[in-house]
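This report concerns only the one structure given below.
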Amino acid sequence: MDKRAKSLPFDMLCEHLELIGRILPVGVVVLDENGAPVIQVNAGEAFWVDRASRDGEQLGQGVHRITYYWEYLGEDVGREDAEALMKHLGKEYNYMSVLQGEPEEGTCSDTRHRVTMTDSGEDILTGVFNREYFMNRIRVIDRAEVIPVALICVNINDWKYANVNYGNEESDRLIRIVAGILKQEAKPEYVIGRTDGDVFHVVIPMAEESEDADYIGRIQKACREYEDLHLAPSVACGSILKYNVEQHLEELFDDVQYLMFENKLEMKQEPGYRERLYKK
């Protein structure tokens with residue numbers, strides 16, 4: 001197998017195709033950039049040699065680009081369902097490849113997933129995505145039509161207190177601490193962006209039940225347990241789920257920010273909050 005093909009999206013594709021091959025009469029072959037088969041499900045050599053003479057479907061971007069061919073091997077009953085499943089799987093792989101990979105200048109094969117970037121998109125201070133790059137990423141997610149998607153707004157509590165009392169260097173360090181916690185508690189597929197000075201947004205594609213709440217719980221716990229001479233990291237969070245493929249994540253920013261502010265008010269009224277902030 002081409003070592004370049006190994007990735008989170010590729011592993012996901014292998015698992016899903018093997019499962020599909022067990023329950024449906026579907027033959028599939030996936031070819032790498034050199035035309036060599038890297039996945040074969042219910043398909044021998046004759047199958048992929050024959051398919052390779054036809055136009056296959058191109059998936060992914062950059063090092064993740066592959067070609068796949070498939071055929072329904074059973075009777076007509078169930079063919080439409082199998083076709084819909086394979087199209088969805090292809091779209092999901094394409095989306096995951098674009099999401100995980102570093103977009104290069106150019107586009108992937110599906111114009112609905114078109115992304116053109118010329119820089120790394122990294123926020124210099126924190127190492128997460130900057131706002132422009134993050135917004136491009138969530139537009140890719142919208143076009144991929146995957147649901148549900150969780151959108152989380154994270155705001156650092158009392159960042160101004162750190163800035164006034166300890167200066168720019170320490171308040172910048174507070175932002176880096178929070179960004180580090182967000183990355184530490186995130187899964188590889190999470191998309192994290194610093195969208196304002198002390199504000200982050202996190203997107204969880206294909207979020208499982210309570211996954212957003214669990215993530216928020218982990219980052220807030222990690223903040224509470226963080227020990228530092230001056231700083232007391234604390235974050236208020238709001239989360240909202242997108243279930244409608246026609247809805248855009250950008251449309252949910254105001255709603256999720258409102259939920260974040262509700263959480264901020266609750267946190268500031270908790271016993272011991274001020275004492276921890278003032279290091280008393």
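In the structure tokens, each chain is lettered A, B, ... as it comes, each chain's residues begin at 1, and ligands are numbered from 1 in order of appearance.
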Shell around A:Thr195 at 9 Å using only C-alpha atoms, local window under 3 positions removed, as a PDB file with N, CA, C and O atoms, in the first residue's frame:
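out32.pdb written:
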ATOM      1  N   PHE A 129      -6.250  27.334  13.782  1.00  0.00           N
ATOM      2  CA  PHE A 129      -6.540  28.042  12.546  1.00  0.00           C
ATOM      3  C   PHE A 129      -6.883  29.506  12.826  1.00  0.00           C
ATOM      4  O   PHE A 129      -7.502  29.825  13.842  1.00  0.00           O
ATOM      5  N   ASN A 130      -6.471  30.386  11.917  1.00  0.00           N
ATOM      6  CA  ASN A 130      -6.907  31.774  12.026  1.00  0.00           C
ATOM      7  C   ASN A 130      -8.348  31.893  11.524  1.00  0.00           C
ATOM      8  O   ASN A 130      -8.917  30.939  10.991  1.00  0.00           O
ATOM      9  N   ARG A 131      -8.932  33.068  11.713  1.00  0.00           N
ATOM     10  CA  ARG A 131     -10.366  33.217  11.404  1.00  0.00           C
ATOM     11  C   ARG A 131     -10.673  32.940   9.927  1.00  0.00           C
ATOM     12  O   ARG A 131     -11.617  32.217   9.608  1.00  0.00           O
ATOM     13  N   GLU A 132      -9.891  33.509   9.036  1.00  0.00           N
ATOM     14  CA  GLU A 132     -10.174  33.354   7.603  1.00  0.00           C
ATOM     15  C   GLU A 132     -10.128  31.888   7.199  1.00  0.00           C
ATOM     16  O   GLU A 132     -11.017  31.389   6.493  1.00  0.00           O
ATOM     17  N   PHE A 134     -10.379  29.244   9.186  1.00  0.00           N
ATOM     18  CA  PHE A 134     -11.445  28.525   9.873  1.00  0.00           C
ATOM     19  C   PHE A 134     -12.773  28.679   9.133  1.00  0.00           C
ATOM     20  O   PHE A 134     -13.508  27.699   8.948  1.00  0.00           O
ATOM     21  N   MET A 135     -13.084  29.898   8.700  1.00  0.00           N
ATOM     22  CA  MET A 135     -14.338  30.122   7.999  1.00  0.00           C
ATOM     23  C   MET A 135     -14.377  29.354   6.681  1.00  0.00           C
ATOM     24  O   MET A 135     -15.428  28.848   6.271  1.00  0.00           O
ATOM     25  N   ASP A 198      -9.944  36.832  22.161  1.00  0.00           N
ATOM     26  CA  ASP A 198     -10.044  35.830  23.221  1.00  0.00           C
ATOM     27  C   ASP A 198     -11.188  34.856  22.970  1.00  0.00           C
ATOM     28  O   ASP A 198     -11.730  34.259  23.897  1.00  0.00           O
ATOM     29  N   VAL A 199     -11.554  34.697  21.696  1.00  0.00           N
ATOM     30  CA  VAL A 199     -12.678  33.832  21.316  1.00  0.00           C
ATOM     31  C   VAL A 199     -12.197  32.754  20.351  1.00  0.00           C
ATOM     32  O   VAL A 199     -11.466  33.035  19.396  1.00  0.00           O
ATOM     33  N   PHE A 200     -12.633  31.529  20.613  1.00  0.00           N
ATOM     34  CA  PHE A 200     -12.365  30.396  19.730  1.00  0.00           C
ATOM     35  C   PHE A 200     -13.696  29.780  19.308  1.00  0.00           C
ATOM     36  O   PHE A 200     -14.700  29.875  20.031  1.00  0.00           O
ATOM     37  N   HIS A 201     -13.700  29.144  18.161  1.00  0.00           N
ATOM     38  CA  HIS A 201     -14.834  28.323  17.756  1.00  0.00           C
ATOM     39  C   HIS A 201     -14.302  26.935  17.404  1.00  0.00           C
ATOM     40  O   HIS A 201     -13.198  26.792  16.858  1.00  0.00           O
TER      41      HIS A 201
END
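Non-sequential neighbours of A:Phe261 (distance at most 12 Å, separation of 5 or more positions within a chain, only C-alpha atoms) are Cys153, Val154, Asn155, Ile156, Asn157, Val199, Val235, Ala236, Cys237, Gly238, Ser239, Asp254, Asp255, Val256, Glu266, Met267 and Lys268 of chain A.
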Here atom CA of A:Cys223 and atom CA of A:Gly197 stand apart by 18.2 Å
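Residue nearest A:Trp70 within the list A:Ala179, A:His88, A:Ile124, A:Asn42: A:Asn42 [criterion: smallest interatomic distance, only C-alpha atoms].
Going from atom CA of A:Leu19 over to atom CA of A:Pro205, you cover 21.5 Å.
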Filtered DSSP result for stretch 80-243 of chain A, state strand (DSSP E or B), as a ChimeraX atom specification
/A:122,129,149-156,191-196,199-205,235-242
Can those selected residues be exported to a file as a PDB file, in the first residue's frame so that it contains N, CA and C atoms?
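Writing the result to out.pdb gives the following:
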ATOM      1  N   GLU A 122      -2.567  29.265   9.769  1.00  0.00           N
ATOM      2  CA  GLU A 122      -2.321  29.110  11.200  1.00  0.00           C
ATOM      3  C   GLU A 122      -2.293  30.449  11.917  1.00  0.00           C
ATOM      4  N   PHE A 129      -6.250  27.334  13.782  1.00  0.00           N
ATOM      5  CA  PHE A 129      -6.540  28.042  12.546  1.00  0.00           C
ATOM      6  C   PHE A 129      -6.883  29.506  12.826  1.00  0.00           C
ATOM      7  N   VAL A 149     -23.639  18.314  12.918  1.00  0.00           N
ATOM      8  CA  VAL A 149     -22.396  19.036  13.150  1.00  0.00           C
ATOM      9  C   VAL A 149     -22.573  19.915  14.382  1.00  0.00           C
ATOM     10  N   ALA A 150     -21.635  19.813  15.312  1.00  0.00           N
ATOM     11  CA  ALA A 150     -21.684  20.646  16.514  1.00  0.00           C
ATOM     12  C   ALA A 150     -20.801  21.875  16.329  1.00  0.00           C
ATOM     13  N   LEU A 151     -21.341  23.037  16.675  1.00  0.00           N
ATOM     14  CA  LEU A 151     -20.582  24.287  16.668  1.00  0.00           C
ATOM     15  C   LEU A 151     -20.469  24.770  18.110  1.00  0.00           C
ATOM     16  N   ILE A 152     -19.241  25.004  18.565  1.00  0.00           N
ATOM     17  CA  ILE A 152     -18.988  25.412  19.942  1.00  0.00           C
ATOM     18  C   ILE A 152     -18.287  26.762  19.942  1.00  0.00           C
ATOM     19  N   CYS A 153     -18.768  27.671  20.761  1.00  0.00           N
ATOM     20  CA  CYS A 153     -18.119  28.965  20.967  1.00  0.00           C
ATOM     21  C   CYS A 153     -17.437  28.936  22.327  1.00  0.00           C
ATOM     22  N   VAL A 154     -16.155  29.311  22.351  1.00  0.00           N
ATOM     23  CA  VAL A 154     -15.356  29.300  23.579  1.00  0.00           C
ATOM     24  C   VAL A 154     -14.783  30.697  23.808  1.00  0.00           C
ATOM     25  N   ASN A 155     -15.077  31.281  24.959  1.00  0.00           N
ATOM     26  CA  ASN A 155     -14.583  32.620  25.283  1.00  0.00           C
ATOM     27  C   ASN A 155     -13.821  32.572  26.609  1.00  0.00           C
ATOM     28  N   ILE A 156     -12.655  33.174  26.640  1.00  0.00           N
ATOM     29  CA  ILE A 156     -11.846  33.188  27.853  1.00  0.00           C
ATOM     30  C   ILE A 156     -12.459  34.163  28.857  1.00  0.00           C
ATOM     31  N   VAL A 191     -12.276  20.824  14.236  1.00  0.00           N
ATOM     32  CA  VAL A 191     -11.741  22.015  13.581  1.00  0.00           C
ATOM     33  C   VAL A 191     -11.764  23.155  14.601  1.00  0.00           C
ATOM     34  N   ILE A 192     -10.588  23.675  14.927  1.00  0.00           N
ATOM     35  CA  ILE A 192     -10.472  24.703  15.959  1.00  0.00           C
ATOM     36  C   ILE A 192      -9.929  25.980  15.338  1.00  0.00           C
ATOM     37  N   GLY A 193     -10.607  27.098  15.588  1.00  0.00           N
ATOM     38  CA  GLY A 193     -10.148  28.378  15.061  1.00  0.00           C
ATOM     39  C   GLY A 193     -10.196  29.463  16.124  1.00  0.00           C
ATOM     40  N   ARG A 194      -9.205  30.343  16.087  1.00  0.00           N
ATOM     41  CA  ARG A 194      -9.247  31.544  16.923  1.00  0.00           C
ATOM     42  C   ARG A 194      -9.925  32.617  16.081  1.00  0.00           C
ATOM     43  N   THR A 195     -11.156  32.942  16.425  1.00  0.00           N
ATOM     44  CA  THR A 195     -11.974  33.805  15.582  1.00  0.00           C
ATOM     45  C   THR A 195     -11.997  35.252  16.049  1.00  0.00           C
ATOM     46  N   ASP A 196     -11.490  35.522  17.237  1.00  0.00           N
ATOM     47  CA  ASP A 196     -11.355  36.872  17.760  1.00  0.00           C
ATOM     48  C   ASP A 196     -10.252  36.822  18.805  1.00  0.00           C
ATOM     49  N   VAL A 199     -11.554  34.697  21.696  1.00  0.00           N
ATOM     50  CA  VAL A 199     -12.678  33.832  21.316  1.00  0.00           C
ATOM     51  C   VAL A 199     -12.197  32.754  20.351  1.00  0.00           C
ATOM     52  N   PHE A 200     -12.633  31.529  20.613  1.00  0.00           N
ATOM     53  CA  PHE A 200     -12.365  30.396  19.730  1.00  0.00           C
ATOM     54  C   PHE A 200     -13.696  29.780  19.308  1.00  0.00           C
ATOM     55  N   HIS A 201     -13.700  29.144  18.161  1.00  0.00           N
ATOM     56  CA  HIS A 201     -14.834  28.323  17.756  1.00  0.00           C
ATOM     57  C   HIS A 201     -14.302  26.935  17.404  1.00  0.00           C
ATOM     58  N   VAL A 202     -15.094  25.941  17.736  1.00  0.00           N
ATOM     59  CA  VAL A 202     -14.734  24.552  17.460  1.00  0.00           C
ATOM     60  C   VAL A 202     -15.891  23.893  16.731  1.00  0.00           C
ATOM     61  N   VAL A 203     -15.575  23.146  15.688  1.00  0.00           N
ATOM     62  CA  VAL A 203     -16.590  22.405  14.942  1.00  0.00           C
ATOM     63  C   VAL A 203     -16.307  20.914  15.080  1.00  0.00           C
ATOM     64  N   ILE A 204     -17.353  20.173  15.422  1.00  0.00           N
ATOM     65  CA  ILE A 204     -17.250  18.713  15.507  1.00  0.00           C
ATOM     66  C   ILE A 204     -18.118  18.115  14.409  1.00  0.00           C
ATOM     67  N   PRO A 205     -17.518  17.635  13.324  1.00  0.00           N
ATOM     68  CA  PRO A 205     -18.314  17.043  12.250  1.00  0.00           C
ATOM     69  C   PRO A 205     -18.832  15.671  12.638  1.00  0.00           C
ATOM     70  N   VAL A 235     -12.985  29.191  30.889  1.00  0.00           N
ATOM     71  CA  VAL A 235     -13.667  29.471  29.620  1.00  0.00           C
ATOM     72  C   VAL A 235     -15.163  29.263  29.751  1.00  0.00           C
ATOM     73  N   ALA A 236     -15.916  30.151  29.121  1.00  0.00           N
ATOM     74  CA  ALA A 236     -17.361  29.983  28.988  1.00  0.00           C
ATOM     75  C   ALA A 236     -17.636  29.403  27.607  1.00  0.00           C
ATOM     76  N   CYS A 237     -18.587  28.491  27.541  1.00  0.00           N
ATOM     77  CA  CYS A 237     -18.837  27.790  26.282  1.00  0.00           C
ATOM     78  C   CYS A 237     -20.325  27.723  25.964  1.00  0.00           C
ATOM     79  N   GLY A 238     -20.618  27.782  24.690  1.00  0.00           N
ATOM     80  CA  GLY A 238     -21.961  27.529  24.195  1.00  0.00           C
ATOM     81  C   GLY A 238     -21.870  26.551  23.052  1.00  0.00           C
ATOM     82  N   SER A 239     -22.870  25.725  22.894  1.00  0.00           N
ATOM     83  CA  SER A 239     -22.831  24.718  21.833  1.00  0.00           C
ATOM     84  C   SER A 239     -24.197  24.597  21.183  1.00  0.00           C
ATOM     85  N   ILE A 240     -24.188  24.365  19.881  1.00  0.00           N
ATOM     86  CA  ILE A 240     -25.431  24.191  19.130  1.00  0.00           C
ATOM     87  C   ILE A 240     -25.186  23.150  18.043  1.00  0.00           C
ATOM     88  N   LEU A 241     -26.215  22.396  17.716  1.00  0.00           N
ATOM     89  CA  LEU A 241     -26.093  21.332  16.721  1.00  0.00           C
ATOM     90  C   LEU A 241     -26.802  21.718  15.435  1.00  0.00           C
ATOM     91  N   LYS A 242     -26.157  21.436  14.329  1.00  0.00           N
ATOM     92  CA  LYS A 242     -26.756  21.637  13.010  1.00  0.00           C
ATOM     93  C   LYS A 242     -27.243  20.286  12.492  1.00  0.00           C
TER      94      LYS A 242
END
What's around A:Gly127 at 12 Å? Count only C-alpha atoms, leave out sequence neighbours fewer than 6 positions away in its own chain, and write the answer as a count of residues only.
14
